[in-house]
Each structure stands twice: as structure tokens, then as C-alpha cells.
Amino acid sequence: MTPRVLLADDHPVYRDGLRLMLESTGEVEVVGTAPDGAVAVEMAGRLHPDVVVMDLQMPRLGGVDATRRILAARPETGVLVLTMHEDDESVFAAMLAGARGYLVKGADQDEIMRAVSAVAGGEVIFGPALAGRVTDYFARIAAARPAGEPFPQLTARERDVLELIALGLSNPAIAERLGLSPKTVRNNVSNVFAKLQVADRAEAIVRAHDAGLGR
């Protein structure tokens with residue numbers, strides 16, 4: 001069965017080029033393209049693709065939040081992240097949101113086709129540069145966190161942000177308290193939601209309070 005693929009990327013030249021490349025193989029059917037995460041969520045709900053090829057940094061709704069919403073509505077959909085970002089935080093935020101594959105832009109046609117096929121078949125796949133870092137990342141987290149500390153999957157900065165969320169602070173107030181830019185705080189909040197697998201601030205506060213934070 002030919003996988004049905006939806007592409008989500010805010011760069012039209014890259015998005016159109018990717019569509020032409022995938023269609024030229026004759027091995028997938030591109031059912032649509034989306035310029036941002038919000039449109040990707042709407043189209044995924046309407047078109048029921050087998051695979052969504054998802055960029056991370058997009059306007060209106062980023063790829064991590066879009067992935068979480070798509071999979072909440074239709075868990076059988078496979079999400080393959082294809083992005084410029086290869087830092088640990090981006091990789092694991094996407095994983096924890098439910099993505100089954102992660103490639104860095106610059107991957108060639110064969111790599112992308114292998115990843116699309118793998119994700120469509122229910123497998124988990126990472127680009128060669130990322131695979132070894134998955135194990136290393138979790139090993140570092142295990143070594144860095146005292147036994148029994150809540151939310152060991154969070155970085156120290158994300159934990160600080162969660163504690164301030166639990167105290168009821170807004171994003172601008174958190175930015176001022178920690179001396180961070182509003183964009184950095186937004187990214188950290190998004191990562192916290194993804195790693196805790198919560199949908200919104202209210203759920204994050206409940207989880208934090210249950211763990212003894214923000215009291």
C-alpha cells in the first residue's frame with residue numbers, strides 16, 4: 001500500500017521541492033502541504049495521512065505542539081520530523097510528543113524515503129547523526145539527577161520554568177525572573193509540556209503540585 005503523506009513546513013521553496021522529490025519516486029502519495037502547525041493539524045484530521053513530515057519551527061503552532069495534537073486525535077498517524085534543529089532538546093521534545101522519526105534537513109532522497117517507509121510501517125527511525133545521541137542523552141540525565149527527584153526528563157532550566165509555572169507566573173514574568181528572552185521561555189514551556197505529556201498550563205500545574213513543586 002502506498003503511504004499517504006502530508007508535508008508541514010513554513011518555507012515554501014523547501015516544501016514544494018520536498019513534495020516534487022517525494023512524488024518523483026512514485027512510492028508515496030503526497031495528499032497535501034501545510035505552511036504551519038495549525039493547518040497541519042486541521043489537514044491531518046481531514047485527510048488521514050499515514051505519515052506527516054513535520055518541521056519544528058513554524059508560525060502559529062510549532063511542530064512539537066502540532067505533533068501532540070495530531071496524535072491525540074489519531075494515534076495511528078506516524079510523524080517524521082524533518083528540521084534544521086538537531087539539538088538534544090528539540091529531538092527529545094519531538095520524541096516525547098510522539099514523533100516516530102527524526103531527520104535533519106540536508107538528508108538525501110534515499111534517507112528521507114527510508115524514513116517515510118519506516119514510520120509508515122510503525123518503526124522508529126533517527127538519522128545517522130542522532131541515533132547514538134539518544135542513548136547518551138538518557139545516560140546523562142540519569143547521571144545528573146539525584147535518585148527520586150521528580151521529572152528527571154527535564155533539564156535544570158526546564159525544571160526552573162516548571163516551578164515558576166506552578167507558582168502561577170506568566171511567561172513574561174518567568175522571563176523577567178530568570179533573565180531570559182520571551183522566546184526562550186516559550187520554547188522551554190513547550191518542551192516542559194511535551195516532556196510531561198500535558199496539553200496545557202493547567203495540567204502542568206497539577207502535575208507539578210502533585211510532585212511537591214510550587215507549594
# chains A, B, ... in the order shown; residues from 1 in each chain; ligands from 1
call {"tool": "residues_around", "arguments": {"residues": "region 180-187 of chain A", "least_positions_apart": "5", "cutoff": "8 Å", "atoms": "only C-alpha atoms", "output": "PyMOL selection string"}}
result
chain A and resi 161+171-172+174-175
call {"tool": "atom_distance", "arguments": {"atom1": "CA of Val206 (chain A)", "atom2": "CA of Ile70 (chain A)"}}
result
23.5 Å
call {"tool": "residues_around", "arguments": {"residues": "Asp36 (chain A)", "least_positions_apart": "2", "cutoff": "12 Å", "atoms": "only C-alpha atoms", "output": "PDB file with all heavy atoms, in the first residue's frame"}}
result
ATOM      1  N   LEU A   6       1.510  13.811   4.351  1.00  0.00           N
ATOM      2  CA  LEU A   6       1.226  15.240   4.480  1.00  0.00           C
ATOM      3  C   LEU A   6       2.517  15.942   4.858  1.00  0.00           C
ATOM      4  O   LEU A   6       3.235  15.484   5.759  1.00  0.00           O
ATOM      5  CB  LEU A   6       0.165  15.473   5.562  1.00  0.00           C
ATOM      6  CG  LEU A   6      -0.120  16.920   5.977  1.00  0.00           C
ATOM      7  CD1 LEU A   6      -0.754  17.692   4.826  1.00  0.00           C
ATOM      8  CD2 LEU A   6      -1.026  16.961   7.208  1.00  0.00           C
ATOM      9  N   LEU A   7       2.837  17.041   4.188  1.00  0.00           N
ATOM     10  CA  LEU A   7       4.057  17.800   4.456  1.00  0.00           C
ATOM     11  C   LEU A   7       3.718  19.087   5.205  1.00  0.00           C
ATOM     12  O   LEU A   7       2.810  19.819   4.790  1.00  0.00           O
ATOM     13  CB  LEU A   7       4.772  18.158   3.154  1.00  0.00           C
ATOM     14  CG  LEU A   7       5.079  17.005   2.190  1.00  0.00           C
ATOM     15  CD1 LEU A   7       5.750  17.543   0.927  1.00  0.00           C
ATOM     16  CD2 LEU A   7       5.956  15.961   2.865  1.00  0.00           C
ATOM     17  N   ALA A   8       4.442  19.376   6.278  1.00  0.00           N
ATOM     18  CA  ALA A   8       4.237  20.610   7.030  1.00  0.00           C
ATOM     19  C   ALA A   8       5.569  21.340   7.175  1.00  0.00           C
ATOM     20  O   ALA A   8       6.483  20.853   7.848  1.00  0.00           O
ATOM     21  CB  ALA A   8       3.653  20.303   8.403  1.00  0.00           C
ATOM     22  N   ASP A   9       5.683  22.491   6.524  1.00  0.00           N
ATOM     23  CA  ASP A   9       6.912  23.282   6.566  1.00  0.00           C
ATOM     24  C   ASP A   9       6.557  24.707   6.161  1.00  0.00           C
ATOM     25  O   ASP A   9       5.785  24.917   5.224  1.00  0.00           O
ATOM     26  CB  ASP A   9       7.962  22.700   5.608  1.00  0.00           C
ATOM     27  CG  ASP A   9       9.361  23.242   5.886  1.00  0.00           C
ATOM     28  OD1 ASP A   9       9.570  24.463   5.689  1.00  0.00           O
ATOM     29  OD2 ASP A   9      10.239  22.459   6.289  1.00  0.00           O
ATOM     30  N   ASP A  10       7.121  25.699   6.866  1.00  0.00           N
ATOM     31  CA  ASP A  10       6.744  27.081   6.582  1.00  0.00           C
ATOM     32  C   ASP A  10       7.581  27.718   5.479  1.00  0.00           C
ATOM     33  O   ASP A  10       7.331  28.859   5.101  1.00  0.00           O
ATOM     34  CB  ASP A  10       6.808  27.936   7.853  1.00  0.00           C
ATOM     35  CG  ASP A  10       8.217  28.026   8.430  1.00  0.00           C
ATOM     36  OD1 ASP A  10       8.979  27.049   8.300  1.00  0.00           O
ATOM     37  OD2 ASP A  10       8.550  29.069   9.024  1.00  0.00           O
ATOM     38  N   HIS A  11       8.566  27.005   4.932  1.00  0.00           N
ATOM     39  CA  HIS A  11       9.380  27.538   3.841  1.00  0.00           C
ATOM     40  C   HIS A  11       8.857  26.987   2.518  1.00  0.00           C
ATOM     41  O   HIS A  11       9.053  25.802   2.220  1.00  0.00           O
ATOM     42  CB  HIS A  11      10.850  27.171   4.030  1.00  0.00           C
ATOM     43  CG  HIS A  11      11.454  27.775   5.257  1.00  0.00           C
ATOM     44  ND1 HIS A  11      11.783  29.111   5.338  1.00  0.00           N
ATOM     45  CD2 HIS A  11      11.757  27.237   6.462  1.00  0.00           C
ATOM     46  CE1 HIS A  11      12.279  29.366   6.537  1.00  0.00           C
ATOM     47  NE2 HIS A  11      12.268  28.241   7.238  1.00  0.00           N
ATOM     48  N   PRO A  12       8.173  27.810   1.721  1.00  0.00           N
ATOM     49  CA  PRO A  12       7.504  27.290   0.527  1.00  0.00           C
ATOM     50  C   PRO A  12       8.445  26.647  -0.488  1.00  0.00           C
ATOM     51  O   PRO A  12       8.089  25.654  -1.112  1.00  0.00           O
ATOM     52  CB  PRO A  12       6.801  28.517  -0.065  1.00  0.00           C
ATOM     53  CG  PRO A  12       7.434  29.702   0.584  1.00  0.00           C
ATOM     54  CD  PRO A  12       7.920  29.247   1.913  1.00  0.00           C
ATOM     55  N   ARG A  15       9.358  23.269   0.949  1.00  0.00           N
ATOM     56  CA  ARG A  15       8.153  22.427   0.985  1.00  0.00           C
ATOM     57  C   ARG A  15       7.789  21.923  -0.412  1.00  0.00           C
ATOM     58  O   ARG A  15       7.513  20.740  -0.606  1.00  0.00           O
ATOM     59  CB  ARG A  15       7.000  23.240   1.576  1.00  0.00           C
ATOM     60  CG  ARG A  15       5.720  22.451   1.820  1.00  0.00           C
ATOM     61  CD  ARG A  15       4.681  23.304   2.524  1.00  0.00           C
ATOM     62  NE  ARG A  15       4.183  24.399   1.727  1.00  0.00           N
ATOM     63  CZ  ARG A  15       4.307  25.686   2.037  1.00  0.00           C
ATOM     64  NH1 ARG A  15       4.912  26.058   3.143  1.00  0.00           N
ATOM     65  NH2 ARG A  15       3.812  26.626   1.243  1.00  0.00           N
ATOM     66  N   THR A  33      -0.041  19.811   1.587  1.00  0.00           N
ATOM     67  CA  THR A  33       1.066  20.526   2.224  1.00  0.00           C
ATOM     68  C   THR A  33       0.490  21.592   3.132  1.00  0.00           C
ATOM     69  O   THR A  33      -0.553  22.183   2.832  1.00  0.00           O
ATOM     70  CB  THR A  33       1.991  21.187   1.179  1.00  0.00           C
ATOM     71  OG1 THR A  33       1.266  22.161   0.430  1.00  0.00           O
ATOM     72  CG2 THR A  33       2.579  20.141   0.235  1.00  0.00           C
ATOM     73  N   ALA A  34       1.158  21.849   4.238  1.00  0.00           N
ATOM     74  CA  ALA A  34       0.688  22.825   5.229  1.00  0.00           C
ATOM     75  C   ALA A  34       1.803  23.819   5.535  1.00  0.00           C
ATOM     76  O   ALA A  34       2.954  23.407   5.721  1.00  0.00           O
ATOM     77  CB  ALA A  34       0.261  22.109   6.509  1.00  0.00           C
ATOM     78  N   ALA A  38      -0.754  24.693  12.734  1.00  0.00           N
ATOM     79  CA  ALA A  38      -2.210  24.736  12.883  1.00  0.00           C
ATOM     80  C   ALA A  38      -2.904  24.155  11.661  1.00  0.00           C
ATOM     81  O   ALA A  38      -3.860  23.373  11.775  1.00  0.00           O
ATOM     82  CB  ALA A  38      -2.671  26.173  13.132  1.00  0.00           C
ATOM     83  N   VAL A  39      -2.433  24.516  10.475  1.00  0.00           N
ATOM     84  CA  VAL A  39      -3.002  23.963   9.249  1.00  0.00           C
ATOM     85  C   VAL A  39      -2.711  22.467   9.164  1.00  0.00           C
ATOM     86  O   VAL A  39      -3.555  21.684   8.720  1.00  0.00           O
ATOM     87  CB  VAL A  39      -2.452  24.705   8.015  1.00  0.00           C
ATOM     88  CG1 VAL A  39      -2.934  24.036   6.724  1.00  0.00           C
ATOM     89  CG2 VAL A  39      -2.875  26.167   8.033  1.00  0.00           C
ATOM     90  N   ALA A  40      -1.524  22.059   9.610  1.00  0.00           N
ATOM     91  CA  ALA A  40      -1.175  20.632   9.587  1.00  0.00           C
ATOM     92  C   ALA A  40      -2.145  19.820  10.444  1.00  0.00           C
ATOM     93  O   ALA A  40      -2.575  18.732  10.047  1.00  0.00           O
ATOM     94  CB  ALA A  40       0.254  20.433  10.083  1.00  0.00           C
ATOM     95  N   VAL A  41      -2.506  20.343  11.615  1.00  0.00           N
ATOM     96  CA  VAL A  41      -3.454  19.644  12.490  1.00  0.00           C
ATOM     97  C   VAL A  41      -4.806  19.503  11.794  1.00  0.00           C
ATOM     98  O   VAL A  41      -5.416  18.422  11.787  1.00  0.00           O
ATOM     99  CB  VAL A  41      -3.610  20.386  13.835  1.00  0.00           C
ATOM    100  CG1 VAL A  41      -4.733  19.769  14.667  1.00  0.00           C
ATOM    101  CG2 VAL A  41      -2.294  20.336  14.615  1.00  0.00           C
ATOM    102  N   GLU A  42      -5.267  20.601  11.198  1.00  0.00           N
ATOM    103  CA  GLU A  42      -6.572  20.571  10.507  1.00  0.00           C
ATOM    104  C   GLU A  42      -6.556  19.594   9.338  1.00  0.00           C
ATOM    105  O   GLU A  42      -7.468  18.785   9.156  1.00  0.00           O
ATOM    106  CB  GLU A  42      -6.926  21.980  10.024  1.00  0.00           C
ATOM    107  CG  GLU A  42      -8.296  22.096   9.366  1.00  0.00           C
ATOM    108  CD  GLU A  42      -8.281  21.746   7.878  1.00  0.00           C
ATOM    109  OE1 GLU A  42      -7.282  22.065   7.203  1.00  0.00           O
ATOM    110  OE2 GLU A  42      -9.253  21.125   7.409  1.00  0.00           O
ATOM    111  N   MET A  43      -5.485  19.636   8.537  1.00  0.00           N
ATOM    112  CA  MET A  43      -5.403  18.775   7.361  1.00  0.00           C
ATOM    113  C   MET A  43      -5.240  17.313   7.737  1.00  0.00           C
ATOM    114  O   MET A  43      -5.805  16.422   7.089  1.00  0.00           O
ATOM    115  CB  MET A  43      -4.266  19.232   6.446  1.00  0.00           C
ATOM    116  CG  MET A  43      -4.496  20.581   5.799  1.00  0.00           C
ATOM    117  SD  MET A  43      -3.159  21.071   4.679  1.00  0.00           S
ATOM    118  CE  MET A  43      -3.477  19.973   3.298  1.00  0.00           C
ATOM    119  N   VAL A  53       5.178  14.586   7.580  1.00  0.00           N
ATOM    120  CA  VAL A  53       6.571  15.039   7.631  1.00  0.00           C
ATOM    121  C   VAL A  53       6.543  16.454   8.193  1.00  0.00           C
ATOM    122  O   VAL A  53       6.005  17.372   7.565  1.00  0.00           O
ATOM    123  CB  VAL A  53       7.228  14.994   6.242  1.00  0.00           C
ATOM    124  CG1 VAL A  53       8.673  15.499   6.324  1.00  0.00           C
ATOM    125  CG2 VAL A  53       7.203  13.564   5.687  1.00  0.00           C
ATOM    126  N   MET A  54       7.110  16.637   9.385  1.00  0.00           N
ATOM    127  CA  MET A  54       6.851  17.826  10.202  1.00  0.00           C
ATOM    128  C   MET A  54       8.116  18.631  10.477  1.00  0.00           C
ATOM    129  O   MET A  54       9.095  18.101  11.015  1.00  0.00           O
ATOM    130  CB  MET A  54       6.256  17.374  11.541  1.00  0.00           C
ATOM    131  CG  MET A  54       5.893  18.488  12.487  1.00  0.00           C
ATOM    132  SD  MET A  54       4.333  19.272  12.055  1.00  0.00           S
ATOM    133  CE  MET A  54       3.173  17.990  12.571  1.00  0.00           C
ATOM    134  N   ASP A  55       8.095  19.910  10.110  1.00  0.00           N
ATOM    135  CA  ASP A  55       9.131  20.836  10.556  1.00  0.00           C
ATOM    136  C   ASP A  55       8.833  21.207  12.009  1.00  0.00           C
ATOM    137  O   ASP A  55       7.710  21.003  12.493  1.00  0.00           O
ATOM    138  CB  ASP A  55       9.125  22.078   9.667  1.00  0.00           C
ATOM    139  CG  ASP A  55      10.353  22.960   9.873  1.00  0.00           C
ATOM    140  OD1 ASP A  55      11.317  22.509  10.526  1.00  0.00           O
ATOM    141  OD2 ASP A  55      10.347  24.101   9.384  1.00  0.00           O
ATOM    142  N   LEU A  56       9.808  21.740  12.729  1.00  0.00           N
ATOM    143  CA  LEU A  56       9.578  22.094  14.135  1.00  0.00           C
ATOM    144  C   LEU A  56       9.250  23.567  14.327  1.00  0.00           C
ATOM    145  O   LEU A  56       8.284  23.912  14.989  1.00  0.00           O
ATOM    146  CB  LEU A  56      10.794  21.722  14.989  1.00  0.00           C
ATOM    147  CG  LEU A  56      11.031  20.234  15.219  1.00  0.00           C
ATOM    148  CD1 LEU A  56      12.184  20.029  16.209  1.00  0.00           C
ATOM    149  CD2 LEU A  56       9.779  19.527  15.723  1.00  0.00           C
ATOM    150  N   GLN A  57      10.062  24.452  13.770  1.00  0.00           N
ATOM    151  CA  GLN A  57       9.859  25.883  13.984  1.00  0.00           C
ATOM    152  C   GLN A  57       8.951  26.427  12.890  1.00  0.00           C
ATOM    153  O   GLN A  57       9.378  26.642  11.761  1.00  0.00           O
ATOM    154  CB  GLN A  57      11.208  26.611  13.978  1.00  0.00           C
ATOM    155  CG  GLN A  57      12.138  26.187  15.099  1.00  0.00           C
ATOM    156  CD  GLN A  57      11.582  26.516  16.473  1.00  0.00           C
ATOM    157  OE1 GLN A  57      10.922  27.528  16.657  1.00  0.00           O
ATOM    158  NE2 GLN A  57      11.860  25.665  17.445  1.00  0.00           N
ATOM    159  N   MET A  58       7.682  26.639  13.229  1.00  0.00           N
ATOM    160  CA  MET A  58       6.701  27.170  12.277  1.00  0.00           C
ATOM    161  C   MET A  58       5.831  28.199  12.979  1.00  0.00           C
ATOM    162  O   MET A  58       5.683  28.157  14.200  1.00  0.00           O
ATOM    163  CB  MET A  58       5.825  26.035  11.727  1.00  0.00           C
ATOM    164  CG  MET A  58       6.558  25.031  10.872  1.00  0.00           C
ATOM    165  SD  MET A  58       5.441  23.795  10.133  1.00  0.00           S
ATOM    166  CE  MET A  58       4.981  22.850  11.594  1.00  0.00           C
ATOM    167  N   PRO A  59       5.256  29.136  12.220  1.00  0.00           N
ATOM    168  CA  PRO A  59       4.385  30.147  12.836  1.00  0.00           C
ATOM    169  C   PRO A  59       3.078  29.543  13.333  1.00  0.00           C
ATOM    170  O   PRO A  59       2.709  28.438  12.950  1.00  0.00           O
ATOM    171  CB  PRO A  59       4.134  31.138  11.689  1.00  0.00           C
ATOM    172  CG  PRO A  59       4.357  30.335  10.444  1.00  0.00           C
ATOM    173  CD  PRO A  59       5.423  29.344  10.780  1.00  0.00           C
ATOM    174  N   ARG A  60       2.414  30.303  14.202  1.00  0.00           N
ATOM    175  CA  ARG A  60       1.093  29.958  14.758  1.00  0.00           C
ATOM    176  C   ARG A  60       1.155  28.753  15.695  1.00  0.00           C
ATOM    177  O   ARG A  60       0.767  28.851  16.849  1.00  0.00           O
ATOM    178  CB  ARG A  60       0.057  29.725  13.660  1.00  0.00           C
ATOM    179  CG  ARG A  60      -0.285  30.959  12.849  1.00  0.00           C
ATOM    180  CD  ARG A  60      -1.743  30.955  12.445  1.00  0.00           C
ATOM    181  NE  ARG A  60      -2.054  29.824  11.582  1.00  0.00           N
ATOM    182  CZ  ARG A  60      -3.292  29.392  11.371  1.00  0.00           C
ATOM    183  NH1 ARG A  60      -4.316  29.958  11.978  1.00  0.00           N
ATOM    184  NH2 ARG A  60      -3.507  28.365  10.550  1.00  0.00           N
ATOM    185  N   LEU A  61       1.658  27.633  15.222  1.00  0.00           N
ATOM    186  CA  LEU A  61       1.754  26.427  16.050  1.00  0.00           C
ATOM    187  C   LEU A  61       2.987  25.664  15.613  1.00  0.00           C
ATOM    188  O   LEU A  61       3.128  25.299  14.443  1.00  0.00           O
ATOM    189  CB  LEU A  61       0.499  25.568  15.892  1.00  0.00           C
ATOM    190  CG  LEU A  61       0.394  24.352  16.824  1.00  0.00           C
ATOM    191  CD1 LEU A  61       0.164  24.804  18.276  1.00  0.00           C
ATOM    192  CD2 LEU A  61      -0.735  23.436  16.379  1.00  0.00           C
ATOM    193  N   GLY A  62       3.906  25.426  16.559  1.00  0.00           N
ATOM    194  CA  GLY A  62       5.141  24.728  16.238  1.00  0.00           C
ATOM    195  C   GLY A  62       4.930  23.238  16.026  1.00  0.00           C
ATOM    196  O   GLY A  62       3.871  22.681  16.331  1.00  0.00           O
ATOM    197  N   GLY A  63       5.967  22.578  15.537  1.00  0.00           N
ATOM    198  CA  GLY A  63       5.868  21.171  15.200  1.00  0.00           C
ATOM    199  C   GLY A  63       5.646  20.250  16.379  1.00  0.00           C
ATOM    200  O   GLY A  63       4.955  19.234  16.256  1.00  0.00           O
ATOM    201  N   VAL A  64       6.223  20.572  17.537  1.00  0.00           N
ATOM    202  CA  VAL A  64       6.039  19.717  18.714  1.00  0.00           C
ATOM    203  C   VAL A  64       4.577  19.725  19.152  1.00  0.00           C
ATOM    204  O   VAL A  64       3.965  18.672  19.367  1.00  0.00           O
ATOM    205  CB  VAL A  64       6.965  20.155  19.871  1.00  0.00           C
ATOM    206  CG1 VAL A  64       6.599  19.433  21.168  1.00  0.00           C
ATOM    207  CG2 VAL A  64       8.424  19.876  19.517  1.00  0.00           C
ATOM    208  N   ASP A  65       3.997  20.921  19.270  1.00  0.00           N
ATOM    209  CA  ASP A  65       2.590  21.009  19.681  1.00  0.00           C
ATOM    210  C   ASP A  65       1.672  20.410  18.615  1.00  0.00           C
ATOM    211  O   ASP A  65       0.684  19.744  18.938  1.00  0.00           O
ATOM    212  CB  ASP A  65       2.198  22.469  19.937  1.00  0.00           C
ATOM    213  CG  ASP A  65       2.825  23.017  21.210  1.00  0.00           C
ATOM    214  OD1 ASP A  65       3.087  22.213  22.115  1.00  0.00           O
ATOM    215  OD2 ASP A  65       3.051  24.231  21.295  1.00  0.00           O
ATOM    216  N   ALA A  66       2.003  20.639  17.347  1.00  0.00           N
ATOM    217  CA  ALA A  66       1.188  20.066  16.268  1.00  0.00           C
ATOM    218  C   ALA A  66       1.237  18.541  16.305  1.00  0.00           C
ATOM    219  O   ALA A  66       0.212  17.871  16.129  1.00  0.00           O
ATOM    220  CB  ALA A  66       1.673  20.578  14.918  1.00  0.00           C
ATOM    221  N   THR A  67       2.416  17.992  16.550  1.00  0.00           N
ATOM    222  CA  THR A  67       2.555  16.535  16.656  1.00  0.00           C
ATOM    223  C   THR A  67       1.680  15.989  17.765  1.00  0.00           C
ATOM    224  O   THR A  67       0.946  15.002  17.583  1.00  0.00           O
ATOM    225  CB  THR A  67       4.025  16.159  16.916  1.00  0.00           C
ATOM    226  OG1 THR A  67       4.810  16.525  15.775  1.00  0.00           O
ATOM    227  CG2 THR A  67       4.181  14.667  17.170  1.00  0.00           C
TER     228      THR A  67
END
call {"tool": "closest_residue", "arguments": {"among": "A:Pro3, A:Leu96, A:His48, A:Val13", "to": "Val30 (chain A)", "atoms": "only C-alpha atoms"}}
result
A:Pro3
call {"tool": "select_by_dssp", "arguments": {"residues": "chain A", "states": "strand (DSSP E or B)", "output": "list in words"}}
result
Arg4, Val5, Leu6, Leu7, Ala8, Glu29, Val30, Val31, Gly32, Thr33, Ala34, Val51, Val52, Val53, Met54, Gly78, Val79, Leu80, Val81, Leu82, Thr83, Gly101, Tyr102, Leu103, Val104, Ile125 and Phe126 of chain A
call {"tool": "closest_residue", "arguments": {"among": "A:Val28, A:Leu103, A:Ala44, A:Met113", "to": "Phe126 (chain A)", "atoms": "only C-alpha atoms"}}
result
A:Leu103
call {"tool": "residues_around", "arguments": {"residues": "Leu80 (chain A)", "least_positions_apart": "6", "cutoff": "10 Å", "atoms": "only C-alpha atoms", "output": "NGL selection string"}}
result
:A and (7 or 51-55 or 67 or 94-95 or 98-103 or 112 or 115-116 or 118-120 or 124-126)
call {"tool": "write_last_selection", "arguments": {"atoms": "C-alpha atoms", "output": "PDB file, in the first residue's frame"}}
result
ATOM      1  CA  LEU A   7       4.057  17.800   4.456  1.00  0.00           C
ATOM      2  CA  VAL A  51       2.761   9.951   7.711  1.00  0.00           C
ATOM      3  CA  VAL A  52       3.128  13.655   8.500  1.00  0.00           C
ATOM      4  CA  VAL A  53       6.571  15.039   7.631  1.00  0.00           C
ATOM      5  CA  MET A  54       6.851  17.826  10.202  1.00  0.00           C
ATOM      6  CA  ASP A  55       9.131  20.836  10.556  1.00  0.00           C
ATOM      7  CA  THR A  67       2.555  16.535  16.656  1.00  0.00           C
ATOM      8  CA  ALA A  94       9.600  15.760  19.461  1.00  0.00           C
ATOM      9  CA  MET A  95      10.031  12.180  20.669  1.00  0.00           C
ATOM     10  CA  GLY A  98       5.062  11.091  19.904  1.00  0.00           C
ATOM     11  CA  ALA A  99       7.177  11.532  16.755  1.00  0.00           C
ATOM     12  CA  ARG A 100       8.483   8.211  15.436  1.00  0.00           C
ATOM     13  CA  GLY A 101      11.254   9.600  13.259  1.00  0.00           C
ATOM     14  CA  TYR A 102      13.706  12.490  13.229  1.00  0.00           C
ATOM     15  CA  LEU A 103      15.885  13.669  10.340  1.00  0.00           C
ATOM     16  CA  ILE A 112      14.045  10.547   3.553  1.00  0.00           C
ATOM     17  CA  ALA A 115      12.446   7.156   6.988  1.00  0.00           C
ATOM     18  CA  VAL A 116       8.980   7.719   5.492  1.00  0.00           C
ATOM     19  CA  ALA A 118       9.856   3.047   8.248  1.00  0.00           C
ATOM     20  CA  VAL A 119       7.498   5.451  10.019  1.00  0.00           C
ATOM     21  CA  ALA A 120       4.586   4.364   7.808  1.00  0.00           C
ATOM     22  CA  VAL A 124      11.090   4.366  14.945  1.00  0.00           C
ATOM     23  CA  ILE A 125      13.994   5.854  12.999  1.00  0.00           C
ATOM     24  CA  PHE A 126      16.649   8.524  13.515  1.00  0.00           C
TER      25      PHE A 126
END
call {"tool": "atom_distance", "arguments": {"atom1": "CA of Leu71 (chain A)", "atom2": "CA of Ala97 (chain A)"}}
result
8.3 Å
call {"tool": "residues_around", "arguments": {"residues": "Glu158 (chain A)", "least_positions_apart": "6", "cutoff": "10 Å", "atoms": "only C-alpha atoms", "output": "list in words"}}
result
Phe151, Leu164, Val185, Asn187, Asn188, Val189, Ser190, Asn191, Val192, Phe193 and Lys195 of chain A
call {"tool": "write_last_selection", "arguments": {"atoms": "N, CA and C atoms", "output": "short mmCIF file (atom, residue, chain, number, x, y, z; two decimals), in the first residue's frame"}}
result
data_model
loop_
_atom_site.label_atom_id
_atom_site.label_comp_id
_atom_site.auth_asym_id
_atom_site.auth_seq_id
_atom_site.Cartn_x
_atom_site.Cartn_y
_atom_site.Cartn_z
N PHE A 151 10.45 14.38 37.82
CA PHE A 151 10.64 14.83 36.44
C PHE A 151 12.11 14.83 36.01
N LEU A 164 8.20 27.83 38.36
CA LEU A 164 7.59 29.16 38.29
C LEU A 164 6.18 29.08 37.69
N VAL A 185 11.69 31.45 26.86
CA VAL A 185 10.72 30.94 27.83
C VAL A 185 9.63 30.15 27.12
N ASN A 187 9.85 28.52 24.36
CA ASN A 187 10.41 27.23 23.94
C ASN A 187 10.54 26.28 25.11
N ASN A 188 10.96 26.79 26.26
CA ASN A 188 11.10 25.94 27.44
C ASN A 188 9.75 25.45 27.93
N VAL A 189 8.75 26.32 27.90
CA VAL A 189 7.40 25.91 28.31
C VAL A 189 6.89 24.81 27.38
N SER A 190 7.11 24.97 26.07
CA SER A 190 6.69 23.95 25.11
C SER A 190 7.38 22.63 25.38
N ASN A 191 8.68 22.67 25.69
CA ASN A 191 9.43 21.45 25.99
C ASN A 191 8.90 20.78 27.26
N VAL A 192 8.58 21.60 28.28
CA VAL A 192 8.03 21.05 29.53
C VAL A 192 6.71 20.34 29.25
N PHE A 193 5.83 20.97 28.49
CA PHE A 193 4.54 20.35 28.18
C PHE A 193 4.74 19.03 27.44
N LYS A 195 7.45 17.04 27.41
CA LYS A 195 8.09 16.01 28.23
C LYS A 195 7.17 15.47 29.32
#
call {"tool": "closest_residue", "arguments": {"among": "A:Thr2, A:Ser24, A:Thr83, A:Thr155", "to": "Gln109 (chain A)", "atoms": "only C-alpha atoms"}}
result
A:Ser24
call {"tool": "residues_around", "arguments": {"residues": "Ile165 (chain A)", "least_positions_apart": "2", "cutoff": "8 Å", "atoms": "only C-alpha atoms", "output": "list in words"}}
result
Val161, Leu162, Glu163, Leu167, Gly168, Leu169, Ser170, Ile174, Arg201, Ala204, Ile205 and Gly214 of chain A
call {"tool": "atom_distance", "arguments": {"atom1": "CA of Arg114 (chain A)", "atom2": "CA of Gln197 (chain A)"}}
result
28.2 Å
call {"tool": "decode", "arguments": {"residues": "region 181-193 of chain A", "atoms": "C-alpha atoms", "output": "compact mmCIF listing (two decimals), in the first residue's frame"}}
result
# COMPACT_ATOMS: atom_id res chain seq x y z
CA SER A 181 14.03 36.26 26.40
CA PRO A 182 10.29 35.68 25.93
CA LYS A 183 11.06 33.34 23.00
CA THR A 184 13.38 31.21 25.15
CA VAL A 185 10.72 30.94 27.83
CA ARG A 186 8.10 29.94 25.25
CA ASN A 187 10.41 27.23 23.94
CA ASN A 188 11.10 25.94 27.44
CA VAL A 189 7.40 25.91 28.31
CA SER A 190 6.69 23.95 25.11
CA ASN A 191 9.43 21.45 25.99
CA VAL A 192 8.03 21.05 29.53
CA PHE A 193 4.54 20.35 28.18
